[in-house]
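> Below is the file entry-v4.txt, which contains compact mmCIF, C-alpha atoms.
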```txt
# COMPACT_ATOMS: atom_id res chain seq x y z
CA MET A 1 -24.84 -19.77 -23.03
CA GLY A 2 -21.71 -20.60 -25.01
CA ILE A 3 -21.19 -16.96 -25.99
CA ALA A 4 -21.62 -15.83 -22.39
CA ALA A 5 -19.12 -18.43 -21.22
CA ASN A 6 -16.59 -17.32 -23.84
CA GLU A 7 -17.02 -13.69 -22.84
CA SER A 8 -16.49 -14.64 -19.20
CA ILE A 9 -13.32 -16.54 -20.08
CA GLN A 10 -12.07 -13.61 -22.19
CA GLU A 11 -12.74 -11.16 -19.36
CA SER A 12 -10.87 -13.39 -16.93
CA LEU A 13 -7.89 -13.56 -19.29
CA GLU A 14 -7.87 -9.78 -19.72
CA GLU A 15 -7.73 -9.37 -15.93
CA ILE A 16 -4.47 -11.28 -15.57
CA TRP A 17 -1.39 -9.08 -15.86
CA TYR A 18 2.30 -9.86 -16.06
CA LEU A 19 4.76 -8.61 -13.47
CA LYS A 20 8.06 -6.88 -14.21
CA GLU A 21 10.98 -6.70 -11.82
CA ILE A 22 12.59 -3.30 -11.33
CA SER A 23 14.81 -1.63 -8.74
CA PHE A 24 13.77 1.55 -6.97
CA LYS A 25 14.92 3.63 -4.03
CA PRO A 26 11.87 4.36 -1.83
CA ASP A 27 14.03 6.84 0.04
CA ALA A 28 17.11 8.76 -1.01
CA ASP A 29 19.07 7.48 2.00
CA VAL A 30 18.50 3.75 1.39
CA PRO A 31 19.98 1.45 -1.26
CA PRO A 32 17.79 0.37 -4.20
CA ARG A 33 15.32 -2.43 -3.57
CA ARG A 34 13.70 -4.90 -5.95
CA TYR A 35 9.99 -4.62 -6.70
CA LYS A 36 7.53 -6.38 -8.95
CA ILE A 37 5.36 -3.84 -10.75
CA ILE A 38 2.21 -4.62 -12.74
CA THR A 39 2.33 -4.18 -16.50
CA GLN A 40 -0.65 -3.20 -18.57
CA ASN A 41 -1.90 -5.10 -21.59
CA TYR A 42 -3.69 -3.50 -24.55
CA ASN A 43 -6.93 -2.79 -22.71
CA GLY A 44 -5.57 -2.90 -19.19
CA PRO A 45 -7.22 -0.85 -16.42
CA CYS A 46 -4.71 1.98 -16.05
CA SER A 47 -6.54 3.45 -13.05
CA PHE A 48 -6.35 0.36 -10.87
CA ILE A 49 -2.87 -0.60 -12.06
CA ALA A 50 -1.55 2.89 -11.26
CA ILE A 51 -3.03 2.74 -7.75
CA CYS A 52 -1.51 -0.70 -7.11
CA ASN A 53 1.92 0.23 -8.47
CA ILE A 54 2.10 3.30 -6.24
CA LEU A 55 1.20 1.21 -3.20
CA ILE A 56 3.82 -1.36 -4.23
CA LEU A 57 6.60 1.22 -4.63
CA LYS A 58 5.58 2.85 -1.32
CA GLU A 59 5.74 -0.64 0.26
CA GLN A 60 2.13 -0.49 1.40
CA ILE A 61 1.23 -3.74 -0.36
CA GLN A 62 3.43 -6.61 -1.49
CA ILE A 63 2.85 -9.28 -4.13
CA LEU A 64 3.92 -12.70 -2.88
CA PRO A 65 5.71 -14.86 -3.62
CA PHE A 66 8.21 -12.55 -5.26
CA GLU A 67 8.93 -15.14 -7.95
CA ARG A 68 5.40 -15.09 -9.38
CA SER A 69 5.20 -13.84 -12.95
CA SER A 70 1.56 -12.72 -13.16
CA VAL A 71 -1.27 -11.49 -10.99
CA SER A 72 -5.05 -11.22 -11.24
CA TYR A 73 -7.51 -8.47 -10.42
CA ASP A 74 -9.08 -10.62 -7.69
CA TYR A 75 -5.72 -11.03 -5.96
CA LEU A 76 -4.87 -7.34 -6.18
CA SER A 77 -8.32 -6.16 -5.12
CA ARG A 78 -8.06 -8.23 -1.95
CA LEU A 79 -4.63 -6.74 -1.22
CA VAL A 80 -5.90 -3.19 -1.65
CA ALA A 81 -9.11 -3.84 0.32
CA GLU A 82 -7.15 -5.35 3.21
CA TYR A 83 -4.79 -2.38 3.14
CA LEU A 84 -7.67 0.12 3.31
CA LEU A 85 -9.41 -1.73 6.13
CA THR A 86 -6.16 -2.05 8.09
CA THR A 87 -4.95 1.52 7.70
CA CYS A 88 -8.39 3.14 8.10
CA PRO A 89 -10.04 1.08 10.87
CA ASP A 90 -12.13 3.98 12.18
CA VAL A 91 -13.04 5.44 8.79
CA ASP A 92 -15.99 4.58 6.60
CA THR A 93 -14.33 2.98 3.56
CA SER A 94 -17.55 1.80 1.93
CA ALA A 95 -17.46 4.43 -0.86
CA ALA A 96 -13.84 3.61 -1.73
CA LEU A 97 -14.43 -0.16 -1.66
CA THR A 98 -17.60 0.15 -3.71
CA ILE A 99 -15.90 2.13 -6.47
CA MET A 100 -12.87 -0.16 -6.66
CA PRO A 101 -14.39 -2.70 -9.13
CA ALA A 102 -15.26 0.20 -11.45
CA THR A 103 -11.58 1.12 -11.72
CA ARG A 104 -11.21 -1.83 -14.09
CA LYS A 105 -13.21 0.11 -16.68
CA GLY A 106 -12.42 3.71 -15.83
CA MET A 107 -12.93 6.44 -13.26
CA ASP A 108 -15.12 9.53 -13.26
CA LEU A 109 -12.56 12.26 -12.57
CA ASN A 110 -13.42 15.91 -13.13
CA PRO A 111 -10.33 18.16 -12.87
CA LEU A 112 -10.44 21.86 -12.11
CA PHE A 113 -8.36 24.01 -14.44
CA THR A 114 -7.23 26.23 -11.57
CA GLY A 115 -5.25 23.84 -9.35
CA SER A 116 -3.08 20.75 -9.86
CA THR A 117 -4.65 18.87 -6.94
CA LEU A 118 -8.23 20.03 -7.48
CA PHE A 119 -10.90 17.57 -8.66
CA ARG A 120 -14.67 17.80 -8.40
CA PRO A 121 -16.23 14.71 -6.78
CA ALA A 122 -18.73 12.72 -8.84
CA GLY A 123 -21.66 10.73 -7.47
CA GLN A 124 -20.83 9.53 -3.98
CA GLY A 125 -17.25 10.70 -4.41
CA GLY A 126 -15.90 7.17 -4.17
CA GLU A 127 -13.09 7.82 -6.66
CA LEU A 128 -11.58 10.63 -4.61
CA LYS A 129 -12.17 8.70 -1.38
CA LEU A 130 -10.21 5.78 -2.78
CA PHE A 131 -7.16 7.96 -3.36
CA GLU A 132 -7.55 9.78 -0.06
CA GLN A 133 -7.89 6.64 2.03
CA ALA A 134 -5.11 4.86 0.14
CA GLY A 135 -2.81 7.78 0.91
CA ILE A 136 -2.21 8.54 -2.77
CA GLN A 137 -2.07 12.12 -4.01
CA LEU A 138 -4.01 12.66 -7.23
CA VAL A 139 -2.71 15.43 -9.49
CA HIS A 140 -3.10 16.80 -12.99
CA GLY A 141 -1.39 19.40 -15.16
CA TRP A 142 -4.40 20.58 -17.19
CA LEU A 143 -4.06 24.11 -15.86
CA VAL A 144 -4.87 27.44 -17.45
CA ASP A 145 -2.16 30.08 -17.34
CA PRO A 146 -3.34 33.09 -15.28
CA SER A 147 -1.92 35.38 -17.97
CA SER A 148 -3.89 33.74 -20.78
CA PRO A 149 -7.10 35.23 -22.24
CA GLU A 150 -9.05 32.07 -21.29
CA HIS A 151 -8.25 32.37 -17.60
CA ASP A 152 -11.17 34.66 -16.79
CA VAL A 153 -13.90 32.35 -18.04
CA LEU A 154 -12.20 29.16 -16.79
CA SER A 155 -11.81 30.65 -13.35
CA ARG A 156 -15.62 30.92 -13.35
CA THR A 157 -16.54 27.54 -14.83
CA GLU A 158 -13.59 25.98 -12.94
CA ASP A 159 -13.95 22.31 -13.86
CA TYR A 160 -14.03 20.26 -17.04
CA ASP A 161 -17.66 19.12 -16.83
CA SER A 162 -19.00 22.63 -16.19
CA SER A 163 -16.92 24.00 -19.05
CA VAL A 164 -18.22 21.41 -21.49
CA ASN A 165 -21.78 22.04 -20.32
CA LEU A 166 -21.34 25.72 -21.15
CA ILE A 167 -20.19 24.76 -24.67
CA VAL A 168 -23.30 22.60 -25.05
CA GLU A 169 -25.54 25.45 -23.86
CA ALA A 170 -23.89 27.90 -26.25
CA ASP A 171 -24.28 25.41 -29.09
CA HIS A 172 -28.00 25.25 -28.29
CA VAL A 173 -28.25 29.05 -28.31
CA THR A 174 -26.70 29.14 -31.79
CA LYS A 175 -29.06 26.36 -32.95
CA GLY A 176 -26.26 23.83 -33.25
CA HIS A 177 -23.94 26.06 -35.27
CA LEU A 178 -21.29 26.61 -32.60
CA VAL A 179 -19.84 23.14 -33.06
CA VAL A 180 -20.81 21.87 -36.49
CA SER A 181 -20.21 24.91 -38.70
CA ASP A 182 -17.51 27.47 -39.40
CA ASP A 183 -19.74 30.34 -38.28
CA THR A 184 -17.87 30.53 -35.00
CA GLN A 185 -14.68 31.34 -36.87
CA ILE A 186 -16.47 34.32 -38.40
CA ALA A 187 -17.82 35.27 -34.99
CA GLN A 188 -14.36 35.23 -33.49
CA ALA A 189 -12.97 37.25 -36.34
CA ASP A 190 -15.71 39.89 -36.54
CA GLY A 191 -16.41 40.32 -32.84
CA PRO A 192 -19.58 40.51 -30.71
CA SER A 193 -21.59 42.45 -33.29
CA ARG A 194 -21.28 39.55 -35.70
CA LEU A 195 -22.59 37.20 -33.03
CA ASP A 196 -25.59 39.39 -32.34
CA SER A 197 -26.52 39.97 -35.97
CA THR A 198 -26.04 36.37 -37.04
CA TYR A 199 -27.93 34.66 -34.21
CA ASN A 200 -30.07 37.46 -32.75
CA LEU A 201 -28.71 36.89 -29.25
CA THR A 202 -29.42 38.68 -26.02
CA LEU A 203 -26.45 40.16 -24.17
CA GLU A 204 -26.47 37.20 -21.78
CA GLU A 205 -26.52 34.69 -24.64
CA GLN A 206 -23.80 36.60 -26.45
CA ARG A 207 -21.59 36.44 -23.37
CA LYS A 208 -22.25 32.72 -23.07
CA VAL A 209 -21.17 32.09 -26.67
CA GLU A 210 -18.04 34.20 -26.24
CA ASP A 211 -17.15 32.26 -23.09
CA ALA A 212 -17.78 28.97 -24.90
CA LEU A 213 -15.42 30.02 -27.69
CA ALA A 214 -12.69 30.80 -25.14
CA ILE A 215 -13.20 27.43 -23.44
CA ARG A 216 -13.14 25.63 -26.75
CA SER A 217 -9.91 27.38 -27.65
CA PHE A 218 -8.24 26.29 -24.40
CA ILE A 219 -9.40 22.67 -24.49
CA GLY A 220 -8.67 22.34 -28.19
CA SER A 221 -5.12 23.63 -27.66
CA SER A 222 -4.38 21.06 -24.92
CA PRO A 223 -5.50 17.69 -26.35
CA SER A 224 -3.14 15.75 -24.06
CA GLN A 225 -4.83 17.38 -21.04
CA LEU A 226 -1.48 18.85 -20.00
CA THR A 227 -0.28 22.44 -20.47
CA TYR A 228 3.21 23.87 -20.08
CA TYR A 229 1.94 26.00 -17.22
CA GLY A 230 0.59 22.83 -15.62
CA LEU A 231 3.86 20.97 -16.23
CA PHE A 232 5.87 23.75 -14.58
CA THR A 233 3.39 23.85 -11.71
CA LEU A 234 3.77 20.12 -11.07
CA ALA A 235 7.56 20.40 -11.17
CA SER A 236 7.54 23.24 -8.65
CA GLU A 237 4.81 21.99 -6.30
CA LEU A 238 5.76 18.32 -5.93
CA GLU A 239 8.43 17.46 -3.39
CA GLY A 240 11.48 15.45 -4.36
CA GLY A 241 10.84 11.72 -4.03
CA ALA A 242 7.07 12.13 -4.41
CA LEU A 243 5.07 9.25 -5.94
CA VAL A 244 1.65 10.43 -7.12
CA ALA A 245 -1.11 9.47 -9.55
CA LEU A 246 -1.14 11.73 -12.61
CA PHE A 247 -4.35 12.27 -14.59
CA ARG A 248 -3.34 12.93 -18.16
CA ASN A 249 -4.68 12.12 -21.59
CA SER A 250 -7.76 10.51 -20.01
CA HIS A 251 -5.51 8.02 -18.23
CA LEU A 252 -3.85 7.57 -14.87
CA CYS A 253 -0.16 6.88 -14.53
CA VAL A 254 2.46 6.83 -11.79
CA LEU A 255 4.36 10.12 -11.60
CA TYR A 256 7.66 10.39 -9.73
CA LYS A 257 9.75 13.46 -8.97
CA SER A 258 13.40 12.64 -8.50
CA PRO A 259 15.05 14.01 -5.35
CA GLY A 260 17.89 16.50 -5.40
CA ASP A 261 18.45 19.71 -7.28
CA GLU A 262 17.39 18.37 -10.67
CA GLY A 263 13.91 17.34 -9.53
CA ALA A 264 12.92 15.87 -12.90
CA LEU A 265 9.50 14.32 -13.51
CA TYR A 266 9.14 10.71 -14.65
CA THR A 267 6.21 8.44 -15.41
CA LEU A 268 6.42 4.71 -14.73
CA VAL A 269 6.46 2.64 -17.94
CA THR A 270 3.90 -0.14 -17.50
CA ASP A 271 3.20 -1.07 -21.13
CA GLN A 272 3.45 -4.84 -21.50
CA VAL A 273 5.45 -4.28 -24.70
CA PHE A 274 8.41 -3.46 -22.43
CA LEU A 275 7.91 -6.44 -20.11
CA HIS A 276 11.32 -7.94 -20.97
CA GLU A 277 13.12 -4.65 -21.46
CA SER A 278 14.84 -4.23 -18.11
CA SER A 279 16.42 -0.96 -19.25
CA VAL A 280 13.03 0.68 -19.83
CA VAL A 281 11.55 1.61 -16.45
CA TRP A 282 10.65 5.31 -16.49
CA GLU A 283 9.84 7.89 -19.15
CA ARG A 284 10.98 11.43 -18.56
CA LEU A 285 8.14 13.94 -18.73
CA GLU A 286 9.63 16.95 -20.50
CA ASP A 287 6.89 18.34 -22.72
CA VAL A 288 3.12 18.24 -23.11
CA ASP A 289 2.90 15.92 -26.11
CA GLY A 290 5.73 13.46 -25.42
CA GLY A 291 7.86 14.62 -28.35
CA TRP A 292 10.96 15.16 -26.21
CA SER A 293 10.38 12.35 -23.73
CA THR A 294 13.06 9.68 -23.30
CA PHE A 295 13.14 6.28 -21.61
CA VAL A 296 15.46 5.73 -18.65
CA ASP A 297 16.39 2.71 -16.56
CA SER A 298 16.08 2.12 -12.81
CA ASP A 299 19.05 4.43 -12.20
CA PHE A 300 17.40 7.12 -14.32
CA VAL A 301 20.06 6.79 -16.99
CA ARG A 302 18.91 7.01 -20.59
CA SER A 303 18.12 3.49 -21.74
CA SER A 304 19.05 1.59 -24.89
CA PRO A 305 16.58 -1.29 -25.17
CA ALA A 306 17.80 -4.28 -27.15
CA GLY A 307 14.49 -5.13 -28.82
CA GLY A 308 13.85 -7.84 -31.41
CA ASP A 309 15.16 -11.36 -30.69
CA TYR A 310 17.27 -10.11 -27.79
CA ALA A 311 14.67 -8.10 -25.93
CA GLY A 312 15.33 -8.38 -22.23
CA HIS A 313 19.04 -9.21 -22.62
CA THR A 314 21.85 -6.92 -21.56
CA ALA A 315 24.30 -5.94 -24.27
CA GLU A 316 26.85 -8.49 -23.01
CA SER A 317 24.44 -11.39 -22.69
CA ALA A 318 22.91 -10.66 -26.09
CA LEU A 319 26.38 -10.67 -27.68
CA ALA A 320 27.37 -13.86 -25.86
CA ALA A 321 24.19 -15.61 -26.97
CA LEU A 322 24.73 -14.55 -30.57
CA GLU A 323 28.38 -15.67 -30.58
CA HIS A 324 27.47 -19.04 -29.07
CA GLN A 325 24.84 -19.63 -31.73
CA THR A 326 27.10 -18.45 -34.56
CA ASP A 327 30.09 -20.63 -33.60
CA ALA A 328 28.01 -23.78 -33.95
CA MET A 329 26.67 -22.90 -37.42
CA THR A 330 27.84 -23.88 -40.86
CA LEU A 331 28.29 -21.19 -43.53
CA GLU A 332 24.90 -22.03 -45.02
CA GLU A 333 23.26 -21.91 -41.59
CA ARG A 334 24.87 -18.55 -40.87
CA THR A 335 23.49 -17.16 -44.13
CA ASP A 336 20.05 -18.52 -43.30
CA ALA A 337 20.28 -17.11 -39.79
CA ALA A 338 21.21 -13.68 -41.10
CA LEU A 339 18.26 -13.78 -43.46
CA ALA A 340 16.00 -14.96 -40.64
CA ARG A 341 17.12 -12.08 -38.41
CA GLN A 342 16.44 -9.63 -41.21
CA LEU A 343 12.98 -11.08 -41.77
CA GLN A 344 12.32 -11.06 -38.03
CA ALA A 345 13.31 -7.41 -37.81
CA GLU A 346 10.93 -6.62 -40.64
CA GLU A 347 8.22 -8.64 -38.91
CA ASP A 348 8.82 -6.79 -35.63
CA GLU A 349 8.43 -3.47 -37.42
CA HIS A 350 5.29 -4.74 -39.12
CA SER A 351 3.90 -5.88 -35.75
CA ARG A 352 4.55 -2.49 -34.19
CA ALA A 353 2.80 -0.77 -37.08
CA LEU A 354 -0.09 -3.23 -36.85
CA TYR A 355 -0.38 -2.65 -33.10
CA ALA A 356 -0.51 1.11 -33.65
CA ARG A 357 -3.12 0.74 -36.41
CA ARG A 358 -5.30 -1.54 -34.31
CA ALA A 359 -5.03 0.89 -31.42
CA ARG A 360 -6.24 3.70 -33.68
CA GLU A 361 -9.07 1.54 -35.00
CA GLN A 362 -10.12 0.61 -31.48
CA GLU A 363 -10.03 4.25 -30.49
CA ASP A 364 -12.27 5.18 -33.43
CA LYS A 365 -14.72 2.39 -32.56
CA GLU A 366 -14.95 3.36 -28.91
CA ARG A 367 -15.30 7.03 -29.77
CA ALA A 368 -18.29 6.16 -31.94
CA GLU A 369 -19.86 4.19 -29.09
CA ARG A 370 -19.50 7.14 -26.75
CA GLU A 371 -21.08 9.44 -29.30
CA ARG A 372 -24.12 7.20 -29.51
CA GLU A 373 -24.45 7.09 -25.71
CA HIS A 374 -24.04 10.82 -25.17
CA ALA A 375 -25.08 12.30 -28.50
CA ALA A 376 -25.80 15.89 -27.53
CA ARG A 377 -22.96 16.17 -25.05
CA GLN A 378 -20.41 14.39 -27.20
CA ARG A 379 -21.14 16.53 -30.23
CA ALA A 380 -19.64 19.44 -28.33
CA ILE A 381 -16.83 17.35 -26.85
CA ASP A 382 -15.79 15.73 -30.14
CA ALA A 383 -15.44 19.00 -32.01
CA ALA A 384 -14.13 21.15 -29.19
CA VAL A 385 -12.23 18.79 -26.95
CA ARG A 386 -11.39 15.76 -29.03
CA PRO A 387 -11.00 13.57 -25.93
CA LYS A 388 -9.64 10.07 -25.90
CA LYS A 389 -12.17 7.38 -26.54
CA LYS A 390 -13.69 5.26 -23.86
CA THR A 391 -11.47 2.21 -23.67
CA ASP A 392 -11.23 0.07 -20.57
CA CYS A 393 -8.63 2.59 -19.47
CA ILE A 394 -10.57 5.79 -20.07
CA ILE A 395 -11.16 8.30 -17.33
CA MET A 396 -13.64 11.08 -17.78
```
Written as structure tokens, that's how I'd like the structure from this file.


Amino acid sequence: MGIAANESIQESLEEIWYLKEISFKPDADVPPRRYKIITQNYNGPCSFIAICNILILKEQIQILPFERSSVSYDYLSRLVAEYLLTTCPDVDTSAALTIMPATRKGMDLNPLFTGSTLFRPAGQGGELKLFEQAGIQLVHGWLVDPSSPEHDVLSRTEDYDSSVNLIVEADHVTKGHLVVSDDTQIAQADGPSRLDSTYNLTLEEQRKVEDALAIRSFIGSSPSQLTYYGLFTLASELEGGALVALFRNSHLCVLYKSPGDEGALYTLVTDQVFLHESSVVWERLEDVDGGWSTFVDSDFVRSSPAGGDYAGHTAESALAALEHQTDAMTLEERTDAALARQLQAEEDEHSRALYARRAREQEDKERAEREREHAARQRAIDAAVRPKKKTDCIIM
């Protein structure tokens, strides 16, 4: 009973999220307005948070009072439910409302590799109904280039689940060698005759294995679930000022296309690490793996976060605070303070490294759990796809 109570308390704590104040122009012709967005803790539900933040920035829901510093899932779920029931009075919202609690743990989204707005519904289709009835466009950039050699097979399998199923079937045909051995490398190098002689396949089975190899090549080359063709497609298809939900890297995030000629793509920064960094609001989406991405502020100007002891301060206020503290110190105190700041900086760096290591460890643990739950299916996915593990924020 005590363990159950502790787990309940822990779950309640994990479903309370801090709010961050930002400015945003909901329309190019109006001045910036202040909004409170929801930040995400380590295992926060990115799906539900993304949905709520889009509705907040589109002024469909409002967190009151504005001065509050945190919010709970119960409070937000009531806001979203009331919004759905009010805006869709003559529509059956039962599927969307039923799936909403599940967004705390993840969503079953199955993208098609042939269109940025195409997703295959799962189960009762509640996930897609939730977006549709909330007026939120769901997009992804995991698209196959029509000029690529994988386009032919992916235009036939179309979606992620069907493509992975084909890999599993081909692995069965090759008696488990497609995924776990290097024989497929030989097969790719030596051509169809090698496939036939090695595994004694029929023409139909040989075609299935060849298709599986092409699919594996595509999925393995796009581990972030975003391709450059998909990135260019999003940039060209979205209208300026659009706020949409982007499926990427097994997560959902808020994607915004700036108005005007530039039309750059930005994702909303909701990591709780940046809660007090007012200059970090958006991250520019410039490449598929985030290597060129930069943080910008509410005016979409490249940001320079203070960090450390002065996180959340502007440059002027941080300098003023430091000068005020220094003026009141003796020489010995100033020396001690300098040493303390150095140690704090080292501790901050250590904490960031520890956070990253724990995140990797958690990812490994959750990946192992998924493999136990879906052994046959995950064997193909782990080797061919290498998806993100099933955290509270995972979407598959």

> Hey, what's within 10 Å of region 122-136 of chain A if we count all atoms listed in the file and toss same-chain stuff fewer than 5 positions away? As a ChimeraX atom specification, please?

/A:51-52,54-55,58,60,80-81,83-85,87-88,91-100,102-103,107-110,243-245

> What does the structure give for the distance between CA of Thr270 (chain A) and CA of Glu59 (chain A), in Å to one decimal?

17.9 Å

> Pick out the closest residue to Pro26 (chain A) from this set: A:Arg284, A:Lys257, A:Arg68, A:Arg360. Count all atoms listed in the file.

A:Lys257

> Could you work out how far CA of Tyr18 (chain A) lies from CA of Ser69 (chain A), giving the answer in Å with one decimal?

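Interatomic distance, CA of Ser69 (chain A) to CA of Tyr18 (chain A): 5.8 Å.
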
> Would you work out the distance separating CA of Lys105 (chain A) from CA of Glu158 (chain A), expressed in Å to one decimal?

26.1 Å

> Around the point (-31.3, 28.9, -28.8), in the coordinates given by the file, pick out the residues reaching within 12 Å, counting only C-alpha atoms, and return them as a list in words.

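Protein and nucleic acid residues near the point are Val168, Glu169, Ala170, Asp171, His172, Val173, Thr174, Lys175, Gly176, His177, Leu178, Tyr199, Asn200, Leu201, Thr202, Glu204, Glu205, Gln206, Lys208 and Val209 of chain A.
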
> Could those selected residues go to a file with C-alpha atoms, as a compact mmCIF listing (two decimals), in the frame of the given file?


```
# COMPACT_ATOMS: atom_id res chain seq x y z
CA VAL A 168 -23.30 22.60 -25.05
CA GLU A 169 -25.54 25.45 -23.86
CA ALA A 170 -23.89 27.90 -26.25
CA ASP A 171 -24.28 25.41 -29.09
CA HIS A 172 -28.00 25.25 -28.29
CA VAL A 173 -28.25 29.05 -28.31
CA THR A 174 -26.70 29.14 -31.79
CA LYS A 175 -29.06 26.36 -32.95
CA GLY A 176 -26.26 23.83 -33.25
CA HIS A 177 -23.94 26.06 -35.27
CA LEU A 178 -21.29 26.61 -32.60
CA TYR A 199 -27.93 34.66 -34.21
CA ASN A 200 -30.07 37.46 -32.75
CA LEU A 201 -28.71 36.89 -29.25
CA THR A 202 -29.42 38.68 -26.02
CA GLU A 204 -26.47 37.20 -21.78
CA GLU A 205 -26.52 34.69 -24.64
CA GLN A 206 -23.80 36.60 -26.45
CA LYS A 208 -22.25 32.72 -23.07
CA VAL A 209 -21.17 32.09 -26.67
```

> Looking at only C-alpha atoms, which of A:Asn41, A:Ala50, A:Glu210, A:Tyr73 is the one that sits closest to Leu252 (chain A)?

A:Ala50
